[in-house]
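Colleague: This structure is in structure tokens; I'll ask about it shortly.
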Amino acid sequence: MIISFNIKLIKEKLLMKNRYLRQLAFLPIGKKGQKKILEGKATVIGLGGLGSNIVSNLARAGIGFLKIIDNDFPDITNLHRQILFDEEDLIKKESKSIITKEKLKKINSDVFIEDIYETINENNVYEIIENSDIVIDGTDNFETKFLINKACIDMKIPLIFGSAAASNGMISSIIPGETPCLKCIFPKIPDDKFNLTAMNSGVLNTIVNIVASIQTTEAMKYLTGNYDSMIKGLLIIDIWNFNLDIISIRNKNLNCPVCN
Ligand SMILES: [Zn+2]
């Protein structure tokens with residue numbers, strides 16, 4: 001009985017050891033990078049299309065600590081793109097943050113997860129992002145994105161901005177003190193093609209997956225110290241007409257009220 005129990009334990013340990021084998025075999029990550037990911041603390045704001053993909057990627061990659069925030073419940077119109085929710089969740093009457101935590105625990109029980117059911121605002125944003133190594137934006141409106149941007153710059157925490165609507169996506173990696181911030185790139189809320197929303201323009205699940213994957217990759221580059229490989233500027237992608245462009249924005253906007 002004791003012998004079979006020990007064999008089971010050894011098998012489990014071997015299985016865990018192999019868990020990240022394919023990831024750490026990727027040279028820019030390696031064992032050193034994997035250790036940093038395992039020690040990493042990420043905050044993901046918004047658990048919709050982008051957020052649910054991002055937290056799934058991060059949990060599978062072995063992030064050590066994950067703080068997840070959302071103020072909503074899953075809805076039938078979410079299911080085509082929000083990968084962690086299914087039909088059963090619609091009748092549970094539980095928040096996205098609680099459901100997400102339960103799903104992530106099944107994916108990787110080693111990840112420490114703090115779930116927060118709240119609307120992010122100027123009173124709670126600083127407390128929410130405090131002690132994070134990185135913040136990843138899964139929100140769907142510029143008012144909230146600007147709020148998070150300011151808090152990240154004030155607290156010197158890197159932010160991976162992302163948005164997806166119709167077949168278009170945008171991503172930018174904002175490192176306080178080094179790169180332009182979101183307000184440098186967009187001094188005011190854009191009223192053109194840069195501010196499409198899933199509500200007014202629809203959204204393809206494929207562009208959501210792609211933007212979330214790029215955001216997660218940027219976070220992993222940062223956590224593993226691969227700063228030189230990070231996006232410099234604003235990456236714009238259209239998955240339908242296939243266009244990919246990086247608008248180089250190297251300098252901060254001298255009139256930016258957030259950076260200066
Ligand atoms: Zn700025």
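Every chain in the structure tokens takes a letter, A first, then B, and so on in the order presented; its residues are numbered from 1, and the ligands are numbered from 1 following the presented order.
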Within 7 Å of ligand 1, counting only C-alpha atoms and all ligand atoms: which residues, as a list in words?
Modeller: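 Written in the requested form, the residues are Pro180, Cys181, Leu182, Lys183, Cys184, Lys252, Asn253, Cys256, Pro257, Val258, Cys259 and Asn260 of chain A.
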Colleague: Go ahead and dump the residues you just picked, N, CA and C atoms, as an mmCIF file, in the first residue's frame.
Modeller:
```
data_model
loop_
_atom_site.group_PDB
_atom_site.id
_atom_site.type_symbol
_atom_site.label_atom_id
_atom_site.label_comp_id
_atom_site.auth_asym_id
_atom_site.auth_seq_id
_atom_site.Cartn_x
_atom_site.Cartn_y
_atom_site.Cartn_z
ATOM 1 N N PRO A 180 6.694 55.511 -24.757
ATOM 2 C CA PRO A 180 5.515 56.375 -24.658
ATOM 3 C C PRO A 180 4.381 55.614 -23.960
ATOM 4 N N CYS A 181 3.493 56.336 -23.295
ATOM 5 C CA CYS A 181 2.353 55.680 -22.641
ATOM 6 C C CYS A 181 1.149 55.698 -23.590
ATOM 7 N N LEU A 182 0.028 55.154 -23.141
ATOM 8 C CA LEU A 182 -1.159 55.082 -24.003
ATOM 9 C C LEU A 182 -1.676 56.481 -24.364
ATOM 10 N N LYS A 183 -1.514 57.436 -23.432
ATOM 11 C CA LYS A 183 -1.958 58.820 -23.677
ATOM 12 C C LYS A 183 -1.030 59.546 -24.657
ATOM 13 N N CYS A 184 0.241 59.103 -24.714
ATOM 14 C CA CYS A 184 1.157 59.652 -25.727
ATOM 15 C C CYS A 184 0.692 59.199 -27.115
ATOM 16 N N LYS A 252 8.198 59.989 -26.272
ATOM 17 C CA LYS A 252 7.006 60.373 -25.523
ATOM 18 C C LYS A 252 6.467 61.680 -26.085
ATOM 19 N N ASN A 253 5.156 61.838 -25.969
ATOM 20 C CA ASN A 253 4.529 63.092 -26.366
ATOM 21 C C ASN A 253 4.848 64.140 -25.290
ATOM 22 N N CYS A 256 2.116 65.140 -23.070
ATOM 23 C CA CYS A 256 1.339 64.089 -22.391
ATOM 24 C C CYS A 256 1.152 64.435 -20.910
ATOM 25 N N PRO A 257 -0.103 64.519 -20.454
ATOM 26 C CA PRO A 257 -0.342 64.875 -19.051
ATOM 27 C C PRO A 257 -0.005 63.724 -18.084
ATOM 28 N N VAL A 258 0.138 62.526 -18.622
ATOM 29 C CA VAL A 258 0.402 61.376 -17.751
ATOM 30 C C VAL A 258 1.905 61.193 -17.529
ATOM 31 N N CYS A 259 2.668 61.210 -18.624
ATOM 32 C CA CYS A 259 4.120 60.961 -18.514
ATOM 33 C C CYS A 259 4.887 62.139 -17.947
ATOM 34 N N ASN A 260 4.387 63.342 -18.249
ATOM 35 C CA ASN A 260 5.212 64.503 -17.883
ATOM 36 C C ASN A 260 4.701 65.178 -16.622
#
```
Colleague: If we count only C-alpha atoms and set the cut-off at 8 Å, which residues sit around Ile189 (chain A), ignoring sequence neighbours fewer than 5 positions away in its own chain? Please answer as a PDB file with N, CA and C atoms, in the first residue's frame.
Modeller:
```
ATOM      1  N   PHE A 142     -11.932  52.885 -23.898  1.00  0.00           N
ATOM      2  CA  PHE A 142     -10.771  53.747 -23.704  1.00  0.00           C
ATOM      3  C   PHE A 142     -10.775  54.477 -22.360  1.00  0.00           C
ATOM      4  N   GLU A 143     -11.956  54.761 -21.814  1.00  0.00           N
ATOM      5  CA  GLU A 143     -11.991  55.434 -20.505  1.00  0.00           C
ATOM      6  C   GLU A 143     -11.233  54.586 -19.471  1.00  0.00           C
ATOM      7  N   ASN A 195     -11.108  53.152 -32.634  1.00  0.00           N
ATOM      8  CA  ASN A 195     -11.992  52.935 -31.488  1.00  0.00           C
ATOM      9  C   ASN A 195     -13.244  52.153 -31.871  1.00  0.00           C
TER      10      ASN A 195
END
```
Colleague: Pick out the closest residue to Ile113 (chain A) from this set: A:Thr197, A:Thr77, A:Asn205, A:Thr100. Count only C-alpha atoms.
Modeller: A:Thr100
Colleague: Can you tell me, as JSON, numbers by chain, what residues are no more than 10 Å from Ile29 (chain A) when counting only C-alpha atoms, ignoring any on the same chain fewer than 3 positions away?
Modeller: {"A": [23, 24, 25, 26, 32, 33, 34, 35, 36, 37, 220, 221, 223, 224, 225, 226]}
Colleague: Okay, now the selection with N, CA and C atoms, as a PDB file, in the first residue's frame?
Modeller:
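Writing done, so here's part_29.pdb:
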```
ATOM      1  N   GLN A  23       7.978  24.349 -23.209  1.00  0.00           N
ATOM      2  CA  GLN A  23       8.111  25.806 -23.124  1.00  0.00           C
ATOM      3  C   GLN A  23       9.549  26.207 -22.793  1.00  0.00           C
ATOM      4  N   LEU A  24      10.165  25.485 -21.857  1.00  0.00           N
ATOM      5  CA  LEU A  24      11.525  25.871 -21.502  1.00  0.00           C
ATOM      6  C   LEU A  24      12.539  25.382 -22.518  1.00  0.00           C
ATOM      7  N   ALA A  25      12.110  24.490 -23.433  1.00  0.00           N
ATOM      8  CA  ALA A  25      12.999  24.089 -24.527  1.00  0.00           C
ATOM      9  C   ALA A  25      13.143  25.225 -25.545  1.00  0.00           C
ATOM     10  N   PHE A  26      12.245  26.188 -25.482  1.00  0.00           N
ATOM     11  CA  PHE A  26      12.345  27.376 -26.341  1.00  0.00           C
ATOM     12  C   PHE A  26      13.453  28.258 -25.745  1.00  0.00           C
ATOM     13  N   LYS A  32      15.907  29.277 -16.848  1.00  0.00           N
ATOM     14  CA  LYS A  32      15.960  30.541 -16.110  1.00  0.00           C
ATOM     15  C   LYS A  32      14.662  31.324 -16.283  1.00  0.00           C
ATOM     16  N   GLY A  33      14.220  31.429 -17.541  1.00  0.00           N
ATOM     17  CA  GLY A  33      13.001  32.166 -17.853  1.00  0.00           C
ATOM     18  C   GLY A  33      11.794  31.506 -17.220  1.00  0.00           C
ATOM     19  N   GLN A  34      11.770  30.167 -17.251  1.00  0.00           N
ATOM     20  CA  GLN A  34      10.634  29.451 -16.657  1.00  0.00           C
ATOM     21  C   GLN A  34      10.542  29.741 -15.163  1.00  0.00           C
ATOM     22  N   LYS A  35      11.717  29.829 -14.515  1.00  0.00           N
ATOM     23  CA  LYS A  35      11.731  30.126 -13.073  1.00  0.00           C
ATOM     24  C   LYS A  35      11.122  31.512 -12.831  1.00  0.00           C
ATOM     25  N   LYS A  36      11.470  32.450 -13.724  1.00  0.00           N
ATOM     26  CA  LYS A  36      10.922  33.812 -13.563  1.00  0.00           C
ATOM     27  C   LYS A  36       9.407  33.829 -13.790  1.00  0.00           C
ATOM     28  N   ILE A  37       8.943  33.052 -14.749  1.00  0.00           N
ATOM     29  CA  ILE A  37       7.485  32.972 -14.978  1.00  0.00           C
ATOM     30  C   ILE A  37       6.803  32.375 -13.737  1.00  0.00           C
ATOM     31  N   MET A 220       5.240  37.605 -21.310  1.00  0.00           N
ATOM     32  CA  MET A 220       6.253  36.578 -21.054  1.00  0.00           C
ATOM     33  C   MET A 220       7.652  37.084 -21.395  1.00  0.00           C
ATOM     34  N   LYS A 221       7.747  37.893 -22.454  1.00  0.00           N
ATOM     35  CA  LYS A 221       9.051  38.493 -22.790  1.00  0.00           C
ATOM     36  C   LYS A 221       9.515  39.364 -21.632  1.00  0.00           C
ATOM     37  N   LEU A 223       8.556  39.296 -18.402  1.00  0.00           N
ATOM     38  CA  LEU A 223       8.831  38.530 -17.177  1.00  0.00           C
ATOM     39  C   LEU A 223      10.145  37.761 -17.270  1.00  0.00           C
ATOM     40  N   THR A 224      10.514  37.330 -18.483  1.00  0.00           N
ATOM     41  CA  THR A 224      11.745  36.540 -18.641  1.00  0.00           C
ATOM     42  C   THR A 224      12.946  37.415 -18.992  1.00  0.00           C
ATOM     43  N   GLY A 225      12.741  38.726 -18.999  1.00  0.00           N
ATOM     44  CA  GLY A 225      13.865  39.636 -19.247  1.00  0.00           C
ATOM     45  C   GLY A 225      14.249  39.800 -20.708  1.00  0.00           C
ATOM     46  N   ASN A 226      13.384  39.370 -21.613  1.00  0.00           N
ATOM     47  CA  ASN A 226      13.661  39.522 -23.050  1.00  0.00           C
ATOM     48  C   ASN A 226      13.121  40.870 -23.559  1.00  0.00           C
TER      49      ASN A 226
END
```
Colleague: Measuring between only C-alpha atoms, which one of A:Lys96, A:Lys193, A:Arg60, A:Lys188 shows the shortest distance to Met170 (chain A)?
Modeller: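 Ranked by minimum distance to Met170 (chain A), first place goes to A:Lys193.
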Colleague: Pick the closest to Gly51 (chain A) from A:Ile83, A:Leu159, A:Leu90, A:Ile175: which is it, counting only C-alpha atoms?
Modeller: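 Counting only C-alpha atoms, the residue closest to Gly51 (chain A) is A:Ile83.
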Colleague: Need the shell around region 65-71 of chain A: protein/DNA/RNA residues with any atom at most 6 Å away, counting only C-alpha atoms. Skip same-chain ones fewer than 3 positions apart. Format as a list in words?
Modeller: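 After dropping sequence-adjacent residues, the list is Lys41, Ala42, Thr43, Val44, Ile45, Gly46, Leu47, Ser97, Val111, Phe112, Ile113, Glu114, Asp115, Ile116, Tyr117, Glu118 and Thr119 of chain A.
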Colleague: If you count only C-alpha atoms, which residues fall within 12 Å of Gln215 (chain A), apart from same-chain ones fewer than 2 positions away, as a ChimeraX atom specification?
Modeller: /A:44,50-51,53-55,57-58,134-138,159-164,169-174,208-213,217-222,230-231,235
Colleague: Which value, in Å to one decimal, gives the distance between CA of Glu94 (chain A) and CA of Gly202 (chain A)?
Modeller: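 Pair CA of Glu94 (chain A) / CA of Gly202 (chain A) returns 25.4 Å.
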Colleague: Residues at most 12 Å from Met155 (chain A), counting only C-alpha atoms, excluding those fewer than 3 positions away in the same chain, as a list in words?
Modeller: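 Everything that qualifies: Val125, Tyr126, Glu127, Ile128, Ile129, Glu130, Asn131, Ser132, Asp133, Ile134, Val135, Ile148, Asn149, Lys150, Ala151, Cys152, Pro158, Leu159, Ile175, Pro176, Gly177, Val258 and Cys259 of chain A.
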Colleague: Given the selection you just returned, output its residues as a file containing N, CA and C atoms, formatted as a PDB file, in the first residue's frame.
Modeller:
```pdb
ATOM      1  N   VAL A 125      -8.162  51.385  -8.488  1.00  0.00           N
ATOM      2  CA  VAL A 125      -7.189  50.903  -9.475  1.00  0.00           C
ATOM      3  C   VAL A 125      -5.784  50.760  -8.890  1.00  0.00           C
ATOM      4  N   TYR A 126      -5.391  51.690  -8.037  1.00  0.00           N
ATOM      5  CA  TYR A 126      -4.017  51.633  -7.489  1.00  0.00           C
ATOM      6  C   TYR A 126      -3.836  50.422  -6.576  1.00  0.00           C
ATOM      7  N   GLU A 127      -4.855  50.177  -5.757  1.00  0.00           N
ATOM      8  CA  GLU A 127      -4.773  49.034  -4.849  1.00  0.00           C
ATOM      9  C   GLU A 127      -4.777  47.715  -5.631  1.00  0.00           C
ATOM     10  N   ILE A 128      -5.556  47.703  -6.718  1.00  0.00           N
ATOM     11  CA  ILE A 128      -5.668  46.471  -7.499  1.00  0.00           C
ATOM     12  C   ILE A 128      -4.348  46.112  -8.183  1.00  0.00           C
ATOM     13  N   ILE A 129      -3.662  47.102  -8.734  1.00  0.00           N
ATOM     14  CA  ILE A 129      -2.439  46.761  -9.487  1.00  0.00           C
ATOM     15  C   ILE A 129      -1.180  46.715  -8.612  1.00  0.00           C
ATOM     16  N   GLU A 130      -1.321  47.175  -7.367  1.00  0.00           N
ATOM     17  CA  GLU A 130      -0.184  47.212  -6.448  1.00  0.00           C
ATOM     18  C   GLU A 130       0.511  45.843  -6.375  1.00  0.00           C
ATOM     19  N   ASN A 131       1.830  45.861  -6.330  1.00  0.00           N
ATOM     20  CA  ASN A 131       2.656  44.644  -6.214  1.00  0.00           C
ATOM     21  C   ASN A 131       2.647  43.740  -7.451  1.00  0.00           C
ATOM     22  N   SER A 132       2.073  44.214  -8.551  1.00  0.00           N
ATOM     23  CA  SER A 132       2.113  43.390  -9.771  1.00  0.00           C
ATOM     24  C   SER A 132       3.443  43.613 -10.485  1.00  0.00           C
ATOM     25  N   ASP A 133       3.951  42.554 -11.102  1.00  0.00           N
ATOM     26  CA  ASP A 133       5.132  42.718 -11.970  1.00  0.00           C
ATOM     27  C   ASP A 133       4.696  43.293 -13.312  1.00  0.00           C
ATOM     28  N   ILE A 134       3.469  42.974 -13.691  1.00  0.00           N
ATOM     29  CA  ILE A 134       2.959  43.431 -14.984  1.00  0.00           C
ATOM     30  C   ILE A 134       1.428  43.463 -14.947  1.00  0.00           C
ATOM     31  N   VAL A 135       0.854  44.416 -15.700  1.00  0.00           N
ATOM     32  CA  VAL A 135      -0.605  44.508 -15.814  1.00  0.00           C
ATOM     33  C   VAL A 135      -0.961  44.274 -17.287  1.00  0.00           C
ATOM     34  N   ILE A 148      -6.226  52.859 -16.318  1.00  0.00           N
ATOM     35  CA  ILE A 148      -5.206  51.848 -16.004  1.00  0.00           C
ATOM     36  C   ILE A 148      -3.823  52.357 -16.425  1.00  0.00           C
ATOM     37  N   ASN A 149      -3.775  53.014 -17.589  1.00  0.00           N
ATOM     38  CA  ASN A 149      -2.513  53.565 -18.088  1.00  0.00           C
ATOM     39  C   ASN A 149      -1.907  54.528 -17.073  1.00  0.00           C
ATOM     40  N   LYS A 150      -2.746  55.443 -16.566  1.00  0.00           N
ATOM     41  CA  LYS A 150      -2.235  56.446 -15.618  1.00  0.00           C
ATOM     42  C   LYS A 150      -1.728  55.776 -14.332  1.00  0.00           C
ATOM     43  N   ALA A 151      -2.507  54.821 -13.825  1.00  0.00           N
ATOM     44  CA  ALA A 151      -2.103  54.139 -12.584  1.00  0.00           C
ATOM     45  C   ALA A 151      -0.794  53.370 -12.795  1.00  0.00           C
ATOM     46  N   CYS A 152      -0.653  52.723 -13.955  1.00  0.00           N
ATOM     47  CA  CYS A 152       0.574  51.962 -14.228  1.00  0.00           C
ATOM     48  C   CYS A 152       1.781  52.895 -14.335  1.00  0.00           C
ATOM     49  N   PRO A 158       4.765  47.991 -15.730  1.00  0.00           N
ATOM     50  CA  PRO A 158       4.528  47.837 -17.169  1.00  0.00           C
ATOM     51  C   PRO A 158       3.091  47.408 -17.474  1.00  0.00           C
ATOM     52  N   LEU A 159       2.603  47.883 -18.616  1.00  0.00           N
ATOM     53  CA  LEU A 159       1.229  47.596 -19.038  1.00  0.00           C
ATOM     54  C   LEU A 159       1.244  47.091 -20.480  1.00  0.00           C
ATOM     55  N   ILE A 175       6.237  50.585 -21.101  1.00  0.00           N
ATOM     56  CA  ILE A 175       7.166  50.461 -19.965  1.00  0.00           C
ATOM     57  C   ILE A 175       7.374  51.858 -19.384  1.00  0.00           C
ATOM     58  N   PRO A 176       6.870  52.113 -18.172  1.00  0.00           N
ATOM     59  CA  PRO A 176       6.980  53.452 -17.578  1.00  0.00           C
ATOM     60  C   PRO A 176       8.431  53.951 -17.537  1.00  0.00           C
ATOM     61  N   GLY A 177       8.590  55.204 -17.931  1.00  0.00           N
ATOM     62  CA  GLY A 177       9.925  55.804 -17.914  1.00  0.00           C
ATOM     63  C   GLY A 177      10.733  55.499 -19.156  1.00  0.00           C
ATOM     64  N   VAL A 258       0.138  62.526 -18.622  1.00  0.00           N
ATOM     65  CA  VAL A 258       0.402  61.376 -17.751  1.00  0.00           C
ATOM     66  C   VAL A 258       1.905  61.193 -17.529  1.00  0.00           C
ATOM     67  N   CYS A 259       2.668  61.210 -18.624  1.00  0.00           N
ATOM     68  CA  CYS A 259       4.120  60.961 -18.514  1.00  0.00           C
ATOM     69  C   CYS A 259       4.887  62.139 -17.947  1.00  0.00           C
TER      70      CYS A 259
END
```
Colleague: Can you pull out every residue from region 17-179 of chain A that DSSP, working from the backbone, puts in strand (DSSP E or B), and format the result as a PyMOL selection string?
Modeller: chain A and resi 41-45+65-70+112-117+134-137+159-166+168-174
Colleague: What parts of region 5-137 of chain A does DSSP call helix (DSSP H, G or I)? I'd like the answer as a PyMOL selection string.
Modeller: chain A and resi 5-18+21-24+30-39+49-61+76-78+87-92+96-107+125-129
Colleague: So that I can see what lies close to Arg250 (chain A), please list as a VMD selection string the residues with an atom at most 10 Å from it, counting only C-alpha atoms and leaving out residues fewer than 4 positions away in the same chain.
Modeller: chain A and resid 178 to 180 232 to 234
Colleague: If you measure from CA of Glu122 (chain A) to CA of Gly64 (chain A), what distance in Å do you get, rounded to one decimal?
Modeller: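 These two atoms are separated by 26.9 Å.
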Colleague: Report, in Å with one decimal, the straight-line distance from CA of Thr139 (chain A) to CA of Asn168 (chain A).
Modeller: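 Result for CA of Thr139 (chain A) versus CA of Asn168 (chain A): 15.4 Å, one decimal.
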Colleague: Rank A:Ala61, A:Leu38, A:Ala166, A:Ile214 by their smallest atom-to-atom distance to Leu196 (chain A), using only C-alpha atoms, and report the top residue only.
Modeller: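 When distances to Leu196 (chain A) are compared using only C-alpha atoms, the smallest one comes from A:Ala166.
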Colleague: Considering only C-alpha atoms, can you say which of A:Ser167, A:Asn141, A:Thr206, A:Ser56 comes closest to Ile236 (chain A)?
Modeller: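 The answer is A:Ser167, which sits nearest to Ile236 (chain A).
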